file data02.txt (compact mmCIF, C-alpha atoms)
# COMPACT_ATOMS: atom_id res chain seq x y z
CA MET A 218 -0.72 -9.51 14.43
CA ASP A 219 0.00 -11.93 11.60
CA LYS A 220 1.84 -11.38 8.37
CA ILE A 221 -0.13 -11.60 5.15
CA ASN A 222 0.96 -13.28 1.96
CA ILE A 223 -0.85 -11.51 -0.85
CA CYS A 224 -0.60 -14.37 -3.37
CA GLU A 225 -2.18 -16.78 -0.90
CA LYS A 226 -5.03 -14.35 -0.32
CA LEU A 227 -5.57 -13.89 -4.06
CA ASP A 228 -6.07 -17.64 -4.38
CA LEU A 229 -9.05 -17.50 -2.01
CA PHE A 230 -11.55 -15.86 -4.36
CA ASN A 231 -12.45 -15.52 -8.00
CA ASP A 232 -15.16 -12.90 -8.15
CA TYR A 233 -14.47 -9.69 -10.02
CA TRP A 234 -14.99 -6.12 -8.82
CA SER A 235 -15.48 -7.20 -5.23
CA PRO A 236 -12.62 -5.88 -3.07
CA LYS A 237 -11.61 -7.90 -0.01
CA ILE A 238 -10.13 -6.34 3.11
CA LEU A 239 -6.73 -7.69 4.16
CA GLY A 240 -5.98 -5.26 6.95
CA GLU A 241 -6.23 -1.75 8.29
CA VAL A 242 -3.57 0.90 8.71
CA ASN A 243 -4.77 3.91 10.64
CA GLU A 244 -7.78 5.31 8.71
CA SER A 245 -7.20 3.13 5.64
CA TYR A 246 -8.02 -0.36 4.53
CA VAL A 247 -5.59 -2.48 2.54
CA LYS A 248 -7.67 -4.37 0.00
CA ILE A 249 -7.11 -6.71 -2.91
CA ALA A 250 -9.38 -7.27 -5.88
CA LYS A 251 -9.58 -9.08 -9.18
CA LEU A 252 -10.86 -6.98 -12.04
CA LYS A 253 -12.04 -7.96 -15.51
CA GLY A 254 -14.06 -5.99 -18.01
CA GLU A 255 -15.35 -2.45 -17.59
CA PHE A 256 -16.39 -1.00 -14.28
CA LEU A 257 -18.45 2.21 -14.29
CA TRP A 258 -17.73 5.90 -14.28
CA HIS A 259 -17.75 7.14 -10.71
CA ILE A 260 -16.32 9.71 -8.31
CA HIS A 261 -15.14 9.46 -4.71
CA GLU A 262 -15.95 12.99 -3.62
CA LYS A 263 -14.00 12.91 -0.37
CA GLU A 264 -11.44 10.14 -0.72
CA ASP A 265 -8.23 9.55 -2.63
CA GLU A 266 -7.78 6.01 -3.91
CA MET A 267 -4.62 4.05 -4.67
CA PHE A 268 -4.52 1.29 -7.31
CA TYR A 269 -1.36 -0.84 -7.27
CA VAL A 270 -1.15 -3.49 -9.99
CA LEU A 271 0.09 -6.85 -8.74
CA LYS A 272 -0.57 -8.76 -11.96
CA GLY A 273 -1.89 -7.85 -15.38
CA LEU A 274 -2.58 -4.57 -17.10
CA LEU A 275 -5.13 -2.05 -15.86
CA ILE A 276 -6.47 0.91 -17.78
CA ILE A 277 -7.88 3.73 -15.71
CA LYS A 278 -9.96 5.97 -17.89
CA PHE A 279 -10.44 9.65 -17.13
CA ARG A 280 -12.58 12.06 -19.11
CA ASP A 281 -9.46 13.56 -20.72
CA LYS A 282 -7.00 10.65 -20.86
CA ASP A 283 -6.29 7.00 -20.14
CA VAL A 284 -3.60 5.83 -17.72
CA ILE A 285 -2.21 2.35 -18.36
CA LEU A 286 -0.82 0.58 -15.31
CA ASN A 287 1.47 -2.41 -15.65
CA GLU A 288 2.60 -4.78 -12.94
CA GLY A 289 4.55 -2.91 -10.26
CA GLU A 290 2.96 0.43 -11.06
CA PHE A 291 0.46 2.42 -9.07
CA LEU A 292 -1.75 5.45 -9.45
CA ILE A 293 -3.29 7.58 -6.75
CA ILE A 294 -6.56 9.07 -7.93
CA PRO A 295 -7.25 12.25 -5.99
CA LYS A 296 -10.71 12.72 -4.56
CA GLY A 297 -13.24 14.34 -6.84
CA ILE A 298 -11.83 12.98 -10.13
CA GLU A 299 -14.21 10.92 -12.24
CA HIS A 300 -12.69 7.65 -13.41
CA MET A 301 -13.46 4.18 -14.73
CA PRO A 302 -11.15 1.17 -14.38
CA VAL A 303 -11.07 -1.20 -17.36
CA ALA A 304 -9.32 -4.57 -17.52
CA GLU A 305 -9.30 -6.33 -20.88
CA GLU A 306 -7.90 -9.44 -19.20
CA GLU A 307 -7.93 -10.30 -15.50
CA VAL A 308 -5.97 -7.87 -13.35
CA GLN A 309 -5.03 -8.32 -9.71
CA VAL A 310 -4.67 -5.16 -7.66
CA MET A 311 -3.95 -3.95 -4.17
CA LEU A 312 -5.96 -0.93 -3.09
CA ILE A 313 -5.24 1.55 -0.32
CA GLU A 314 -8.45 3.37 0.48
CA ALA A 315 -10.09 5.30 3.31
CA LYS A 316 -12.31 3.04 5.37
CA THR A 317 -15.31 5.06 4.23
CA THR A 318 -14.72 4.43 0.51
CA LEU A 319 -17.51 2.76 -1.45
CA ASN A 320 -16.38 0.91 -4.58
CA THR A 321 -18.85 2.77 -6.79
CA GLY A 322 -18.22 6.18 -5.22
CA GLY A 323 -21.30 8.40 -5.31
CA ILE A 324 -23.39 5.80 -7.16
CA ARG A 325 -25.31 2.92 -5.64
CA ASN A 326 -26.39 0.20 -8.03
CA GLU A 327 -26.01 -3.53 -8.64
CA ARG A 328 -22.22 -3.18 -8.75
CA THR A 329 -22.00 -1.56 -5.33
CA VAL A 330 -20.49 -3.78 -2.63
CA GLU A 331 -21.84 -2.36 0.62
CA LYS A 332 -20.21 -4.75 3.02
CA LEU A 333 -16.74 -5.90 2.13
CA GLU A 334 -15.52 -9.35 3.04
CA ARG A 335 -12.38 -9.72 5.15
CA ILE A 336 -10.11 -12.54 4.07
CA MET B 133 -1.65 12.81 -11.53
CA ASP B 134 1.03 10.50 -12.87
CA LYS B 135 1.48 6.78 -12.44
CA ILE B 136 4.47 5.59 -10.48
CA ASN B 137 6.69 2.65 -11.36
CA ILE B 138 8.13 1.41 -8.10
CA CYS B 139 11.20 -0.31 -9.63
CA GLU B 140 12.19 2.90 -11.39
CA LYS B 141 11.91 4.81 -8.13
CA LEU B 142 14.00 2.21 -6.28
CA ASP B 143 16.79 2.78 -8.79
CA LEU B 144 17.04 6.45 -7.79
CA PHE B 145 18.68 6.00 -4.40
CA ASN B 146 20.98 3.71 -2.47
CA ASP B 147 20.92 4.95 1.11
CA TYR B 148 19.54 2.64 3.79
CA TRP B 149 16.93 3.41 6.44
CA SER B 150 15.88 6.62 4.72
CA PRO B 151 12.30 6.31 3.46
CA LYS B 152 11.31 8.31 0.38
CA ILE B 153 7.81 9.57 -0.26
CA LEU B 154 6.19 8.42 -3.51
CA GLY B 155 2.71 9.78 -2.95
CA GLU B 156 -0.08 10.51 -0.55
CA VAL B 157 -3.44 8.82 -0.13
CA ASN B 158 -5.74 10.65 2.25
CA GLU B 159 -3.90 10.86 5.60
CA SER B 160 -1.15 8.43 4.60
CA TYR B 161 2.11 8.55 2.73
CA VAL B 162 3.21 5.79 0.38
CA LYS B 163 6.94 5.39 0.89
CA ILE B 164 9.72 3.10 -0.28
CA ALA B 165 12.96 2.33 1.49
CA LYS B 166 16.04 0.15 1.26
CA LEU B 167 17.00 -1.54 4.51
CA LYS B 168 20.18 -3.33 5.51
CA GLY B 169 21.46 -4.24 8.96
CA GLU B 170 19.71 -3.59 12.26
CA PHE B 171 17.53 -0.57 12.89
CA LEU B 172 16.66 0.29 16.49
CA TRP B 173 13.94 -0.65 18.93
CA HIS B 174 11.19 1.95 18.76
CA ILE B 175 7.47 2.54 19.17
CA HIS B 176 4.99 4.61 17.18
CA GLU B 177 2.60 5.49 19.98
CA LYS B 178 -0.21 6.78 17.79
CA GLU B 179 0.32 5.28 14.36
CA ASP B 180 -0.02 1.88 12.74
CA GLU B 181 2.67 1.09 10.18
CA MET B 182 2.58 -1.24 7.16
CA PHE B 183 5.72 -2.95 5.83
CA TYR B 184 5.30 -4.63 2.43
CA VAL B 185 8.36 -6.49 1.14
CA LEU B 186 9.08 -5.86 -2.54
CA LYS B 187 12.43 -7.66 -2.60
CA GLY B 188 14.48 -9.60 -0.07
CA LEU B 189 13.74 -10.92 3.38
CA LEU B 190 12.88 -8.71 6.33
CA ILE B 191 12.83 -9.74 9.97
CA ILE B 192 10.69 -7.63 12.26
CA LYS B 193 11.64 -8.30 15.85
CA PHE B 194 9.18 -7.89 18.68
CA ARG B 195 9.94 -8.40 22.35
CA ASP B 196 8.20 -11.79 22.29
CA LYS B 197 8.74 -13.05 18.73
CA ASP B 198 10.23 -12.45 15.30
CA VAL B 199 8.16 -12.13 12.14
CA ILE B 200 9.91 -13.04 8.89
CA LEU B 201 8.57 -11.34 5.80
CA ASN B 202 9.38 -12.63 2.34
CA GLU B 203 8.74 -10.94 -0.98
CA GLY B 204 5.01 -10.34 -1.49
CA GLU B 205 4.23 -10.41 2.23
CA PHE B 206 3.25 -7.57 4.50
CA LEU B 207 2.78 -6.89 8.17
CA ILE B 208 0.79 -4.14 9.81
CA ILE B 209 2.31 -3.19 13.15
CA PRO B 210 -0.38 -1.68 15.35
CA LYS B 211 0.42 1.53 17.18
CA GLY B 212 2.07 1.14 20.55
CA ILE B 213 3.97 -2.08 19.77
CA GLU B 214 7.74 -1.95 20.18
CA HIS B 215 9.60 -3.38 17.21
CA MET B 216 12.92 -3.44 15.39
CA PRO B 217 13.35 -4.23 11.68
CA VAL B 218 16.45 -6.25 10.76
CA ALA B 219 17.69 -7.02 7.25
CA GLU B 220 20.63 -9.38 6.97
CA GLU B 221 20.90 -8.55 3.27
CA GLU B 222 19.39 -5.58 1.44
CA VAL B 223 15.61 -5.48 1.52
CA GLN B 224 13.35 -3.22 -0.50
CA VAL B 225 10.03 -2.28 1.08
CA MET B 226 6.94 -0.22 0.49
CA LEU B 227 5.55 1.48 3.58
CA ILE B 228 2.07 2.83 4.21
CA GLU B 229 2.24 5.23 7.13
CA ALA B 230 0.37 8.16 8.61
CA LYS B 231 1.86 11.44 7.44
CA THR B 232 2.87 12.17 11.04
CA THR B 233 5.01 9.02 11.40
CA LEU B 234 8.69 9.50 12.28
CA ASN B 235 10.95 6.61 11.25
CA THR B 236 12.36 6.22 14.76
CA GLY B 237 9.01 6.58 16.52
CA GLY B 238 9.35 8.16 19.96
CA ILE B 239 13.14 8.38 19.72
CA ARG B 240 15.15 11.13 18.09
CA ASN B 241 18.78 10.32 17.37
CA GLU B 242 21.23 10.13 14.48
CA ARG B 243 19.02 7.62 12.68
CA THR B 244 15.99 9.89 12.70
CA VAL B 245 15.04 11.31 9.31
CA GLU B 246 13.11 14.47 10.11
CA LYS B 247 12.38 15.61 6.57
CA LEU B 248 11.69 12.90 4.05
CA GLU B 249 12.67 13.29 0.44
CA ARG B 250 10.02 12.99 -2.26
CA ILE B 251 11.14 11.13 -5.35
call {"tool": "encode", "arguments": {"input": "data02.txt", "output": "structure tokens"}}
result
Amino acid sequence: MDKINICEKLDLFNDYWSPKILGEVNESYVKIAKLKGEFLWHIHEKEDEMFYVLKGLLIIKFRDKDVILNEGEFLIIPKGIEHMPVAEEEVQVMLIEAKTTLNTGGIRNERTVEKLERI
Amino acid sequence: MDKINICEKLDLFNDYWSPKILGEVNESYVKIAKLKGEFLWHIHEKEDEMFYVLKGLLIIKFRDKDVILNEGEFLIIPKGIEHMPVAEEEVQVMLIEAKTTLNTGGIRNERTVEKLERI
């Protein structure tokens, strides 16, 4: 049982859209990721997903609105809601997600990360 | 589905050791709390618990060691491990906990908060 310094962990990688697992709390993983550019429209049919912005500005697009998240803000996207994260500049986020959550939701393509790295 | 600004929520209360619910992600609550002084030794027999320090310095005492958490650091305390948080000065934390988690674990006394406020 060791403490984790999030900034130190963020310094360990530079790839975008590839969440890393920092720990697990009950049925959830605590992850961090760096995001830049557009992701893809997707849905997590059975899992809520929490995006907490550590650095930068993240836009989460929905079919009927955009939500803009600044540093220190979070959004919980309920299961079943289609969304697409967009980061015009690099954004650093912490994610709280069910262990079963796939980054691309119900879609599997070249952006899917099947096996997440633990750092 | 609204975004949450954690600093704004922290400004809404001043009581210590009384976690407030900000949202829910699957089986977990996202909570914030202000801590000052000593809490009490307790165990969550069935639930892991995540302490993430937003501001200040938090000591989490275990029977065999102390863990000191600075701003931007977190610790996940696995279920079944006895612990006691101590804050010499005010600390602000985010907690990720199972919805079933009671702040005092297996103990019920005057420090137990049975019904958490949502803010």
call {"tool": "closest_residue", "arguments": {"input": "data02.txt", "among": "B:Met133, B:Leu189, B:Leu234, B:Val199", "to": "Met216 (chain B)", "atoms": "all atoms listed in the file"}}
result
B:Val199
call {"tool": "residues_around", "arguments": {"input": "data02.txt", "residues": "Thr233 (chain B)", "least_positions_apart": "5", "cutoff": "9 Å", "atoms": "all atoms listed in the file", "output": "list in words"}}
result
His176, Lys178, Glu179, Asp180 and Glu181 of chain B
call {"tool": "calpha_fit_and_write", "arguments": {"input": "data02.txt", "fixed": "chain B", "moving": "chain A", "output": "CSV table (one decimal) with C-alpha atoms, in the coordinates of the input"}}
result
chain,number,residue,atom,x,y,z
A,218,MET,CA,-1.7,12.8,-11.5
A,219,ASP,CA,1.0,10.5,-12.9
A,220,LYS,CA,1.5,6.8,-12.4
A,221,ILE,CA,4.5,5.6,-10.5
A,222,ASN,CA,6.7,2.7,-11.4
A,223,ILE,CA,8.1,1.4,-8.1
A,224,CYS,CA,11.2,-0.3,-9.6
A,225,GLU,CA,12.2,2.9,-11.4
A,226,LYS,CA,11.9,4.8,-8.1
A,227,LEU,CA,14.0,2.2,-6.3
A,228,ASP,CA,16.8,2.8,-8.8
A,229,LEU,CA,17.0,6.4,-7.8
A,230,PHE,CA,18.7,6.0,-4.4
A,231,ASN,CA,21.0,3.7,-2.5
A,232,ASP,CA,20.9,4.9,1.1
A,233,TYR,CA,19.6,2.6,3.8
A,234,TRP,CA,16.9,3.4,6.4
A,235,SER,CA,15.9,6.6,4.7
A,236,PRO,CA,12.3,6.3,3.5
A,237,LYS,CA,11.3,8.3,0.4
A,238,ILE,CA,7.8,9.6,-0.2
A,239,LEU,CA,6.2,8.4,-3.5
A,240,GLY,CA,2.7,9.8,-2.9
A,241,GLU,CA,-0.1,10.5,-0.5
A,242,VAL,CA,-3.4,8.8,-0.1
A,243,ASN,CA,-5.7,10.6,2.2
A,244,GLU,CA,-3.9,10.9,5.6
A,245,SER,CA,-1.1,8.4,4.6
A,246,TYR,CA,2.1,8.6,2.7
A,247,VAL,CA,3.2,5.8,0.4
A,248,LYS,CA,6.9,5.4,0.9
A,249,ILE,CA,9.7,3.1,-0.3
A,250,ALA,CA,13.0,2.3,1.5
A,251,LYS,CA,16.0,0.1,1.3
A,252,LEU,CA,17.0,-1.5,4.5
A,253,LYS,CA,20.2,-3.3,5.5
A,254,GLY,CA,21.4,-4.2,9.0
A,255,GLU,CA,19.7,-3.6,12.3
A,256,PHE,CA,17.5,-0.6,12.9
A,257,LEU,CA,16.6,0.3,16.5
A,258,TRP,CA,13.9,-0.6,18.9
A,259,HIS,CA,11.2,1.9,18.8
A,260,ILE,CA,7.5,2.6,19.2
A,261,HIS,CA,5.0,4.6,17.2
A,262,GLU,CA,2.6,5.5,20.0
A,263,LYS,CA,-0.2,6.8,17.8
A,264,GLU,CA,0.3,5.3,14.4
A,265,ASP,CA,0.0,1.9,12.7
A,266,GLU,CA,2.7,1.1,10.2
A,267,MET,CA,2.6,-1.2,7.2
A,268,PHE,CA,5.7,-3.0,5.8
A,269,TYR,CA,5.3,-4.6,2.4
A,270,VAL,CA,8.4,-6.5,1.1
A,271,LEU,CA,9.1,-5.9,-2.5
A,272,LYS,CA,12.4,-7.7,-2.6
A,273,GLY,CA,14.5,-9.6,-0.1
A,274,LEU,CA,13.8,-10.9,3.4
A,275,LEU,CA,12.9,-8.7,6.3
A,276,ILE,CA,12.8,-9.7,10.0
A,277,ILE,CA,10.7,-7.6,12.3
A,278,LYS,CA,11.6,-8.3,15.8
A,279,PHE,CA,9.2,-7.9,18.7
A,280,ARG,CA,9.9,-8.4,22.3
A,281,ASP,CA,8.2,-11.8,22.3
A,282,LYS,CA,8.7,-13.1,18.7
A,283,ASP,CA,10.2,-12.5,15.3
A,284,VAL,CA,8.1,-12.1,12.1
A,285,ILE,CA,9.9,-13.0,8.9
A,286,LEU,CA,8.6,-11.3,5.8
A,287,ASN,CA,9.4,-12.6,2.3
A,288,GLU,CA,8.7,-10.9,-1.0
A,289,GLY,CA,5.0,-10.3,-1.5
A,290,GLU,CA,4.2,-10.4,2.2
A,291,PHE,CA,3.3,-7.6,4.5
A,292,LEU,CA,2.8,-6.9,8.2
A,293,ILE,CA,0.8,-4.1,9.8
A,294,ILE,CA,2.3,-3.2,13.1
A,295,PRO,CA,-0.4,-1.7,15.3
A,296,LYS,CA,0.4,1.5,17.2
A,297,GLY,CA,2.1,1.1,20.5
A,298,ILE,CA,4.0,-2.1,19.8
A,299,GLU,CA,7.7,-1.9,20.2
A,300,HIS,CA,9.6,-3.4,17.2
A,301,MET,CA,12.9,-3.4,15.4
A,302,PRO,CA,13.3,-4.2,11.7
A,303,VAL,CA,16.4,-6.2,10.8
A,304,ALA,CA,17.7,-7.0,7.3
A,305,GLU,CA,20.6,-9.4,7.0
A,306,GLU,CA,20.9,-8.6,3.3
A,307,GLU,CA,19.4,-5.6,1.4
A,308,VAL,CA,15.6,-5.5,1.5
A,309,GLN,CA,13.3,-3.2,-0.5
A,310,VAL,CA,10.0,-2.3,1.1
A,311,MET,CA,6.9,-0.2,0.5
A,312,LEU,CA,5.6,1.5,3.6
A,313,ILE,CA,2.1,2.8,4.2
A,314,GLU,CA,2.3,5.2,7.1
A,315,ALA,CA,0.4,8.2,8.6
A,316,LYS,CA,1.9,11.4,7.4
A,317,THR,CA,2.9,12.2,11.0
A,318,THR,CA,5.0,9.0,11.4
A,319,LEU,CA,8.7,9.5,12.3
A,320,ASN,CA,10.9,6.6,11.2
A,321,THR,CA,12.4,6.2,14.8
A,322,GLY,CA,9.0,6.6,16.5
A,323,GLY,CA,9.4,8.1,20.0
A,324,ILE,CA,13.2,8.4,19.7
A,325,ARG,CA,15.2,11.1,18.1
A,326,ASN,CA,18.8,10.3,17.4
A,327,GLU,CA,21.3,10.1,14.5
A,328,ARG,CA,19.0,7.6,12.7
A,329,THR,CA,16.0,9.9,12.7
A,330,VAL,CA,15.1,11.3,9.3
A,331,GLU,CA,13.1,14.5,10.1
A,332,LYS,CA,12.4,15.6,6.6
A,333,LEU,CA,11.7,12.9,4.1
A,334,GLU,CA,12.7,13.3,0.5
A,335,ARG,CA,10.0,13.0,-2.2
A,336,ILE,CA,11.1,11.1,-5.3
call {"tool": "residues_around", "arguments": {"input": "data02.txt", "residues": "Val303 (chain A)", "least_positions_apart": "6", "cutoff": "10 Å", "atoms": "only C-alpha atoms", "output": "ChimeraX atom specification"}}
result
/A:252-257,274-278,283,285
call {"tool": "interface_residues", "arguments": {"input": "data02.txt", "of": "chain B", "to": "chain A", "cutoff": "9 Å", "atoms": "all atoms listed in the file", "output": "number ranges by chain"}}
result
B: 133-139, 155-160, 178-182, 199-211, 228-230
call {"tool": "atom_distance", "arguments": {"input": "data02.txt", "atom1": "CA of Ser150 (chain B)", "atom2": "CA of Glu177 (chain B)"}}
result
20.3 Å
call {"tool": "atom_distance", "arguments": {"input": "data02.txt", "atom1": "CA of Gln224 (chain B)", "atom2": "CA of Ala165 (chain B)"}}
result
5.9 Å
call {"tool": "axis_aligned_box", "arguments": {"input": "data02.txt", "around": "region 159-165 of chain B", "padding_each_side": "5 Å", "output": "JSON"}}
result
{"center_x": 4.5, "center_y": 6.6, "center_z": 2.7, "size_x": 26.9, "size_y": 18.5, "size_z": 15.9}
call {"tool": "closest_residue", "arguments": {"input": "data02.txt", "among": "A:Glu306, A:Lys272, A:Ile249, A:Gly322", "to": "Leu229 (chain A)", "atoms": "only C-alpha atoms"}}
result
A:Ile249
call {"tool": "atom_distance", "arguments": {"input": "data02.txt", "atom1": "CA of Tyr161 (chain B)", "atom2": "CA of Leu227 (chain B)"}}
result
7.9 Å
call {"tool": "residues_around", "arguments": {"input": "data02.txt", "residues": "Val245 (chain B)", "least_positions_apart": "4", "cutoff": "9 Å", "atoms": "all atoms listed in the file", "output": "compact mmCIF listing (two decimals) with C-alpha atoms, in the frame of the given file"}}
result
# COMPACT_ATOMS: atom_id res chain seq x y z
CA TRP B 149 16.93 3.41 6.44
CA SER B 150 15.88 6.62 4.72
CA PRO B 151 12.30 6.31 3.46
CA LEU B 234 8.69 9.50 12.28
CA ASN B 235 10.95 6.61 11.25
CA THR B 236 12.36 6.22 14.76
CA ARG B 240 15.15 11.13 18.09
CA ASN B 241 18.78 10.32 17.37
call {"tool": "closest_residue", "arguments": {"input": "data02.txt", "among": "A:Val270, A:Val310, A:Leu333, A:Ile260", "to": "Gly297 (chain A)", "atoms": "all atoms listed in the file"}}
result
A:Ile260
